[in-house]
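Below is final_1.csv, holding CSV, C-alpha atoms.
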chain,number,residue,atom,x,y,z
A,205,MET,CA,-44.4,43.9,-14.4
A,206,ARG,CA,-46.0,40.4,-13.9
A,207,THR,CA,-44.9,40.4,-10.3
A,208,ILE,CA,-46.6,43.7,-9.6
A,209,ARG,CA,-49.9,42.6,-11.2
A,210,SER,CA,-49.8,39.4,-9.3
A,211,ARG,CA,-49.4,41.2,-6.1
A,212,LYS,CA,-52.2,43.6,-7.0
A,213,HIS,CA,-54.4,40.8,-7.8
A,214,THR,CA,-53.6,39.0,-4.6
A,215,ALA,CA,-54.2,42.1,-2.6
A,216,ALA,CA,-57.5,42.7,-4.2
A,217,LEU,CA,-58.7,39.1,-3.5
A,218,GLY,CA,-57.6,39.5,0.0
A,219,ALA,CA,-59.6,42.7,0.4
A,220,VAL,CA,-62.7,41.1,-1.0
A,221,THR,CA,-62.3,38.1,1.2
A,222,ALA,CA,-61.9,40.3,4.2
A,223,VAL,CA,-65.0,42.2,3.3
A,224,LEU,CA,-67.0,39.0,2.8
A,225,ALA,CA,-65.8,37.7,6.1
A,226,LEU,CA,-66.8,40.8,7.9
A,227,ALA,CA,-70.2,40.8,6.2
A,228,LEU,CA,-70.8,37.2,7.2
A,229,THR,CA,-69.7,37.8,10.7
A,230,ALA,CA,-72.0,40.8,11.0
A,231,CYS,CA,-75.0,38.9,9.6
A,232,GLY,CA,-74.4,36.0,11.9
A,233,GLY,CA,-74.1,38.1,15.0
A,234,GLY,CA,-77.2,40.1,14.2
A,235,ASP,CA,-79.3,37.0,13.7
A,236,GLU,CA,-78.1,35.4,16.9
A,237,THR,CA,-78.8,38.5,19.0
A,238,GLY,CA,-82.2,39.1,17.4
A,239,THR,CA,-83.3,35.6,17.8
A,240,LYS,CA,-82.3,35.5,21.4
A,241,SER,CA,-84.0,38.8,22.1
A,242,ALA,CA,-87.2,37.8,20.4
A,243,GLY,CA,-87.2,34.5,22.2
A,244,SER,CA,-86.8,36.2,25.6
A,245,ALA,CA,-89.6,38.6,24.8
A,246,ASP,CA,-91.9,35.8,23.6
A,247,ASN,CA,-91.1,33.7,26.5
A,248,ALA,CA,-91.7,36.5,29.0
A,249,ALA,CA,-95.0,37.4,27.3
A,250,SER,CA,-96.0,33.8,27.2
A,251,ALA,CA,-95.2,33.4,30.9
A,252,ALA,CA,-97.0,36.6,31.8
A,253,ALA,CA,-100.1,35.4,29.8
A,254,SER,CA,-99.9,32.0,31.5
A,255,THR,CA,-99.7,33.6,34.9
A,256,ASP,CA,-102.6,36.0,34.2
A,257,ALA,CA,-104.7,33.1,32.9
A,258,GLY,CA,-103.9,31.0,35.9
A,259,GLN,CA,-104.8,33.9,38.3
A,260,SER,CA,-108.0,34.6,36.4
A,261,SER,CA,-108.9,30.9,36.5
A,262,ASP,CA,-108.2,30.7,40.2
A,263,ALA,CA,-110.2,33.9,40.8
A,264,THR,CA,-113.1,32.6,38.8
A,265,LYS,CA,-113.0,29.3,40.7
A,266,ALA,CA,-112.9,31.1,44.0
A,267,THR,CA,-115.7,33.5,43.0
A,268,GLY,CA,-117.8,30.6,41.8
A,269,THR,CA,-117.3,28.6,44.9
A,270,SER,CA,-118.1,31.6,47.1
A,271,LYS,CA,-121.3,32.4,45.2
A,272,ALA,CA,-122.4,28.7,45.3
A,273,ASP,CA,-121.8,28.5,49.0
A,274,SER,CA,-123.6,31.8,49.7
A,275,THR,CA,-126.6,30.7,47.6
A,276,ALA,CA,-126.8,27.3,49.3
A,277,GLN,CA,-126.6,28.9,52.7
A,278,ASN,CA,-129.2,31.5,51.9
A,279,THR,CA,-131.5,29.0,50.4
A,280,GLY,CA,-131.2,26.7,53.4
A,281,ALA,CA,-131.8,29.5,55.8
A,282,THR,CA,-134.9,30.6,53.9
A,283,LYS,CA,-136.3,27.1,53.8
A,284,THR,CA,-135.7,26.5,57.5
A,285,GLY,CA,-137.3,29.8,58.4
A,286,ALA,CA,-140.4,29.1,56.3
A,287,GLY,CA,-140.7,25.6,57.8
A,288,THR,CA,-140.4,26.9,61.3
A,289,SER,CA,-142.9,29.6,60.6
A,290,LYS,CA,-145.4,27.1,59.2
A,291,THR,CA,-145.0,24.7,62.1
A,292,SER,CA,-145.4,27.5,64.7
A,293,THR,CA,-148.6,28.8,63.0
A,294,SER,CA,-150.1,25.4,62.7
A,295,LYS,CA,-149.5,24.5,66.4
A,296,GLY,CA,-150.7,27.9,67.6
A,297,GLY,CA,-153.9,27.5,65.6
A,298,SER,CA,-154.6,24.0,66.8
A,299,THR,CA,-154.1,25.0,70.5
A,300,ALA,CA,-156.1,28.3,70.2
A,301,SER,CA,-159.1,26.9,68.4
A,302,GLY,CA,-159.7,23.7,70.4
A,303,ASN,CA,-162.9,21.7,70.0
A,304,THR,CA,-165.9,23.9,70.4
A,305,SER,CA,-168.7,21.7,69.3
A,306,ASP,CA,-171.7,20.9,71.5
A,307,SER,CA,-171.4,17.2,70.7
A,308,TYR,CA,-167.9,17.3,72.2
A,309,ALA,CA,-169.2,19.0,75.3
A,310,TYR,CA,-171.9,16.4,75.8
A,311,LYS,CA,-169.2,13.7,76.1
A,312,HIS,CA,-166.7,15.8,78.1
A,313,PRO,CA,-167.9,17.1,81.5
A,314,CYS,CA,-166.2,20.3,82.7
A,315,LYS,CA,-163.3,20.1,85.1
A,316,SER,CA,-163.0,22.4,88.1
A,317,SER,CA,-159.6,23.4,86.9
A,318,ASP,CA,-161.0,24.7,83.7
A,319,LEU,CA,-163.7,26.8,85.4
A,320,SER,CA,-163.9,30.2,87.1
A,321,VAL,CA,-167.0,30.8,89.3
A,322,ARG,CA,-168.3,34.2,90.4
A,323,VAL,CA,-171.3,35.2,92.5
A,324,TYR,CA,-172.6,38.8,92.6
A,325,PRO,CA,-175.9,40.7,93.2
A,326,ARG,CA,-178.0,41.2,90.1
A,327,GLU,CA,-178.4,44.8,89.2
A,328,GLY,CA,-181.9,46.2,89.9
A,329,SER,CA,-182.8,43.5,92.5
A,330,ALA,CA,-182.3,43.4,96.3
A,331,THR,CA,-182.8,39.6,96.6
A,332,GLN,CA,-181.3,38.0,93.5
A,333,GLN,CA,-177.7,36.8,93.0
A,334,VAL,CA,-176.0,35.9,89.7
A,335,ILE,CA,-173.9,32.7,89.5
A,336,GLU,CA,-171.5,33.0,86.6
A,337,VAL,CA,-169.4,30.0,85.6
A,338,ASN,CA,-166.7,30.8,83.0
A,339,ASN,CA,-165.0,28.1,80.9
A,340,THR,CA,-161.3,29.0,80.9
A,341,GLY,CA,-160.2,25.9,79.1
A,342,ALA,CA,-159.4,25.4,75.4
A,343,ASN,CA,-162.3,23.0,74.6
A,344,SER,CA,-166.1,23.0,75.1
A,345,CYS,CA,-167.3,21.1,78.1
A,346,GLY,CA,-170.6,20.1,79.6
A,347,LEU,CA,-172.3,21.1,82.9
A,348,SER,CA,-175.3,19.8,84.7
A,349,TYR,CA,-178.5,21.7,84.0
A,350,PHE,CA,-178.0,23.9,87.0
A,351,PRO,CA,-175.4,24.4,89.7
A,352,GLN,CA,-175.7,22.6,93.0
A,353,VAL,CA,-176.4,25.3,95.6
A,354,SER,CA,-177.0,25.4,99.3
A,355,LEU,CA,-177.4,28.3,101.8
A,356,GLY,CA,-176.2,28.2,105.3
A,357,ALA,CA,-174.0,29.8,108.0
A,358,SER,CA,-170.3,30.1,107.3
A,359,LYS,CA,-169.2,29.1,110.8
A,360,ALA,CA,-171.5,26.2,111.2
A,361,SER,CA,-169.9,22.8,111.9
A,362,ASP,CA,-172.9,20.9,110.7
A,363,HIS,CA,-174.4,21.8,107.3
A,364,SER,CA,-177.2,19.3,107.3
A,365,GLY,CA,-179.6,22.2,108.0
A,366,ASP,CA,-178.6,24.2,105.0
A,367,ILE,CA,-181.4,25.4,102.7
A,368,THR,CA,-181.6,24.2,99.1
A,369,PRO,CA,-183.5,26.3,96.5
A,370,ALA,CA,-186.3,25.0,94.3
A,371,VAL,CA,-185.4,24.4,90.7
A,372,PRO,CA,-187.4,24.1,87.5
A,373,GLY,CA,-189.1,20.7,86.9
A,374,GLY,CA,-189.8,18.6,83.8
A,375,LEU,CA,-186.1,18.6,82.7
A,376,GLY,CA,-185.0,16.7,79.7
A,377,GLY,CA,-183.3,17.0,76.3
A,378,ALA,CA,-179.6,17.3,75.9
A,379,PRO,CA,-177.4,15.3,78.2
A,380,ALA,CA,-175.6,18.5,79.5
A,381,TYR,CA,-175.4,22.2,79.2
A,382,PRO,CA,-172.6,23.0,76.7
A,383,VAL,CA,-170.2,25.8,77.5
A,384,LYS,CA,-167.8,27.0,74.8
A,385,PRO,CA,-164.3,28.2,75.7
A,386,LYS,CA,-164.1,31.8,77.0
A,387,THR,CA,-167.9,31.9,77.5
A,388,ALA,CA,-170.0,31.7,80.7
A,389,ALA,CA,-172.9,29.7,81.9
A,390,ILE,CA,-175.2,31.9,84.0
A,391,ALA,CA,-177.8,30.9,86.6
A,392,VAL,CA,-179.8,33.3,88.8
A,393,ILE,CA,-181.0,32.6,92.3
A,394,ASP,CA,-183.7,34.6,94.2
A,395,LEU,CA,-183.1,34.3,97.9
A,396,ASN,CA,-186.5,35.7,98.9
A,397,PRO,CA,-188.9,35.9,95.9
A,398,SER,CA,-191.8,37.3,98.0
A,399,GLY,CA,-189.6,39.9,99.7
A,400,GLY,CA,-191.1,39.1,103.2
A,401,ASN,CA,-189.5,38.1,106.4
A,402,GLY,CA,-186.9,35.3,106.2
A,403,LEU,CA,-184.1,33.6,107.9
A,404,THR,CA,-181.4,35.9,109.0
A,405,TRP,CA,-178.7,33.5,110.1
A,406,ILE,CA,-177.8,32.6,106.5
A,407,ASN,CA,-174.7,34.5,105.3
A,408,GLU,CA,-173.1,32.1,102.9
A,409,MET,CA,-173.9,30.5,99.5
A,410,ASN,CA,-172.2,27.2,98.6
A,411,VAL,CA,-171.8,26.5,94.9
A,412,LEU,CA,-170.8,23.4,93.0
A,413,ALA,CA,-170.7,24.2,89.3
A,414,ASP,CA,-171.7,20.6,88.3
A,415,GLY,CA,-173.5,18.5,90.9
A,416,ASP,CA,-173.7,15.5,88.5
A,417,HIS,CA,-170.0,15.0,87.9
A,418,MET,CA,-167.9,16.9,90.4
A,419,PRO,CA,-167.1,15.9,94.0
A,420,ASN,CA,-168.4,17.9,96.9
A,421,ALA,CA,-164.8,18.9,97.6
A,422,ASP,CA,-164.9,21.2,94.6
A,423,THR,CA,-167.7,23.3,96.2
A,424,GLN,CA,-166.9,27.0,96.5
A,425,ASN,CA,-168.2,29.3,99.3
A,426,PHE,CA,-169.4,32.9,98.8
A,427,GLU,CA,-170.3,35.4,101.5
A,428,LEU,CA,-173.7,37.0,101.2
A,429,GLY,CA,-173.5,39.7,103.7
A,430,PRO,CA,-175.1,40.5,107.1
A,431,ASP,CA,-178.5,41.8,106.0
A,432,VAL,CA,-179.7,38.9,103.9
A,433,LYS,CA,-183.1,37.3,104.5
A,434,VAL,CA,-183.8,33.9,103.0
A,435,ARG,CA,-187.2,32.5,102.3
A,436,ASP,CA,-188.3,30.0,99.7
A,437,PRO,CA,-185.3,30.6,97.4
A,438,LYS,CA,-185.6,29.7,93.8
A,439,LEU,CA,-182.8,28.8,91.3
A,440,GLY,CA,-183.0,28.8,87.6
A,441,LEU,CA,-181.2,26.7,84.9
A,442,TYR,CA,-177.9,27.7,83.2
A,443,ARG,CA,-178.5,30.1,80.4
A,444,GLY,CA,-176.3,32.3,78.2
A,445,THR,CA,-177.6,35.7,79.5
A,446,VAL,CA,-178.7,37.1,82.8
A,447,ALA,CA,-182.2,37.9,81.4
A,448,ASP,CA,-182.7,34.3,80.2
A,449,ALA,CA,-181.5,33.0,83.5
A,450,VAL,CA,-184.0,35.2,85.4
A,451,SER,CA,-186.8,33.8,83.3
A,452,SER,CA,-185.7,30.3,84.0
A,453,MET,CA,-185.5,31.1,87.8
A,454,LYS,CA,-189.1,32.3,87.8
A,455,SER,CA,-190.3,28.9,86.7
A,456,ALA,CA,-188.6,27.1,89.5
A,457,GLY,CA,-190.9,25.0,91.8
A,458,LYS,CA,-193.3,24.3,89.0
A,459,SER,CA,-193.6,20.8,87.6

Transcribe the structure of this file into structure tokens.
Amino acid sequence: MRTIRSRKHTAALGAVTAVLALALTACGGGDETGTKSAGSADNAASAAASTDAGQSSDATKATGTSKADSTAQNTGATKTGAGTSKTSTSKGGSTASGNTSDSYAYKHPCKSSDLSVRVYPREGSATQQVIEVNNTGANSCGLSYFPQVSLGASKASDHSGDITPAVPGGLGGAPAYPVKPKTAAIAVIDLNPSGGNGLTWINEMNVLADGDHMPNADTQNFELGPDVKVRDPKLGLYRGTVADAVSSMKSAGKS
């Protein structure tokens, strides 16, 4: 009887021990598997987050650099354009305006290269010619009170016999006649004030815009035509209009 009980007791202890061993094994295996699984998941998530953060940072840096470079380039281009625009406007204004004062003209005689001379019949008169001297330069300049004019034959080899017109007397005042840029000085000559018979061999008018400062080589020649009769010609001073130039011409020959 004791032997049977002892065997039963031993068997029962063995069964309990086996159960405990299985339980411990199951618990240990579950913990190891779970820990490894969680660790893998955490590591993967951590790595993914790290990668995303790095990419985001890189993207931010790239974007920031691009924007900064773009802004700097745009700002530089705008400043350069504005500077160029201001410089261009300033130079154009200075060149276009020039010096247009009379005081400047008194000290700077006109140059032939800055003048354009025209001669044409005065409308409404058969004997009068208009001498128009245009200032094509950028600055005002000064002319003598009247042009230097002589009347002769275009084919003559000797011009010592050319006719010179009478001019107004009692001249004085300003040192020169000022001509502003893009304006004209006008003088009128009457080839035959009386309208009577006159010299018929004269067919050319020789004009030097400024007889006080220009050389004779700058004289220009203008054809008068075949039917011109010259007798006691009169020449007026430079004026701003044809009408004023006619009035000045009529006073020529009077002291």

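Nearest to A:Val334 of all the residues A:Gly400, A:Pro313, A:Gly440, A:Gly457 is A:Gly440, based on all atoms listed in the file.
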
Nearby residues (only C-alpha atoms) at most 9 Å from A:Asn396, same-chain spacing under 6 positions excluded, as a compact mmCIF listing (two decimals) with C-alpha atoms, in the frame of the given file:
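The resulting file, part-v2.txt, is shown below:
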# COMPACT_ATOMS: atom_id res chain seq x y z
CA THR A 331 -182.80 39.60 96.60
CA GLN A 332 -181.30 38.00 93.50
CA GLY A 402 -186.90 35.30 106.20
CA LYS A 433 -183.10 37.30 104.50
CA VAL A 434 -183.80 33.90 103.00
CA ARG A 435 -187.20 32.50 102.30
CA ASP A 436 -188.30 30.00 99.70
CA PRO A 437 -185.30 30.60 97.40
CA LYS A 438 -185.60 29.70 93.80

Would you kindly return, as JSON, numbers by chain, each protein, DNA or RNA residue with an atom no farther than 7 Å from any atom of A:Asp366, considering only C-alpha atoms and excluding same-chain residues fewer than 6 positions away? {"A": [354, 355, 356]}

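For the pair atom CA of A:Gln352 and atom CA of A:Ala413, the interatomic distance is 6.4 Å.
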
Find the residue from A:Ser305, A:Ser317, A:Asn407, A:Ser358 that sits nearest to A:Val337; use only C-alpha atoms when measuring.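 The closest residue to A:Val337 is A:Ser317.
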
Nearest to A:Leu319: which of A:Ser451, A:Asn343, A:Ser361, A:Asn401 is it, counting only C-alpha atoms? A:Asn343

One number please: atom CA of A:Asp416 to atom CA of A:Leu375, in Å, one decimal.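 Result for atom CA of A:Asp416 versus atom CA of A:Leu375: 14.0 Å, one decimal.
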
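The interatomic distance for the pair atom CA of A:Arg322 and atom CA of A:Asp414 works out to 14.2 Å.
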
For N, CA and C atoms, please extract stretch 318-334 of chain A from the block and return it as an mmCIF file, in the first residue's frame.
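Written out: decode_10.cif:
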data_model
loop_
_atom_site.group_PDB
_atom_site.id
_atom_site.type_symbol
_atom_site.label_atom_id
_atom_site.label_comp_id
_atom_site.auth_asym_id
_atom_site.auth_seq_id
_atom_site.Cartn_x
_atom_site.Cartn_y
_atom_site.Cartn_z
ATOM 1 N N ASP A 318 28.047 123.994 -87.354
ATOM 2 C CA ASP A 318 26.800 123.972 -86.585
ATOM 3 C C ASP A 318 25.712 124.836 -87.210
ATOM 4 N N LEU A 319 25.932 125.276 -88.445
ATOM 5 C CA LEU A 319 24.974 126.167 -89.098
ATOM 6 C C LEU A 319 24.491 125.597 -90.419
ATOM 7 N N SER A 320 23.260 125.954 -90.760
ATOM 8 C CA SER A 320 22.695 125.628 -92.064
ATOM 9 C C SER A 320 22.141 126.931 -92.658
ATOM 10 N N VAL A 321 22.609 127.287 -93.845
ATOM 11 C CA VAL A 321 22.232 128.570 -94.450
ATOM 12 C C VAL A 321 21.320 128.344 -95.646
ATOM 13 N N ARG A 322 20.240 129.111 -95.696
ATOM 14 C CA ARG A 322 19.304 129.073 -96.827
ATOM 15 C C ARG A 322 19.102 130.488 -97.363
ATOM 16 N N VAL A 323 18.893 130.581 -98.686
ATOM 17 C CA VAL A 323 18.540 131.855 -99.320
ATOM 18 C C VAL A 323 17.346 131.596 -100.231
ATOM 19 N N TYR A 324 16.287 132.392 -100.079
ATOM 20 C CA TYR A 324 15.088 132.210 -100.902
ATOM 21 C C TYR A 324 14.348 133.543 -101.036
ATOM 22 N N PRO A 325 13.554 133.713 -102.129
ATOM 23 C CA PRO A 325 12.819 134.971 -102.342
ATOM 24 C C PRO A 325 11.796 135.199 -101.230
ATOM 25 N N ARG A 326 11.664 136.465 -100.828
ATOM 26 C CA ARG A 326 10.646 136.770 -99.828
ATOM 27 C C ARG A 326 9.283 136.827 -100.500
ATOM 28 N N GLU A 327 8.317 136.167 -99.932
ATOM 29 C CA GLU A 327 6.974 136.136 -100.505
ATOM 30 C C GLU A 327 6.372 137.546 -100.548
ATOM 31 N N GLY A 328 5.835 137.905 -101.683
ATOM 32 C CA GLY A 328 5.204 139.211 -101.838
ATOM 33 C C GLY A 328 6.152 140.300 -102.327
ATOM 34 N N SER A 329 7.418 139.948 -102.627
ATOM 35 C CA SER A 329 8.372 140.949 -103.103
ATOM 36 C C SER A 329 9.153 140.386 -104.289
ATOM 37 N N ALA A 330 9.373 141.228 -105.297
ATOM 38 C CA ALA A 330 10.101 140.790 -106.490
ATOM 39 C C ALA A 330 11.593 141.037 -106.369
ATOM 40 N N THR A 331 12.007 141.819 -105.370
ATOM 41 C CA THR A 331 13.425 142.211 -105.282
ATOM 42 C C THR A 331 14.105 141.782 -103.968
ATOM 43 N N GLN A 332 13.360 141.250 -103.058
ATOM 44 C CA GLN A 332 13.941 140.931 -101.748
ATOM 45 C C GLN A 332 14.228 139.428 -101.600
ATOM 46 N N GLN A 333 15.333 139.128 -100.917
ATOM 47 C CA GLN A 333 15.745 137.756 -100.635
ATOM 48 C C GLN A 333 15.907 137.577 -99.116
ATOM 49 N N VAL A 334 15.527 136.416 -98.651
ATOM 50 C CA VAL A 334 15.657 136.086 -97.222
ATOM 51 C C VAL A 334 16.902 135.228 -97.026
#
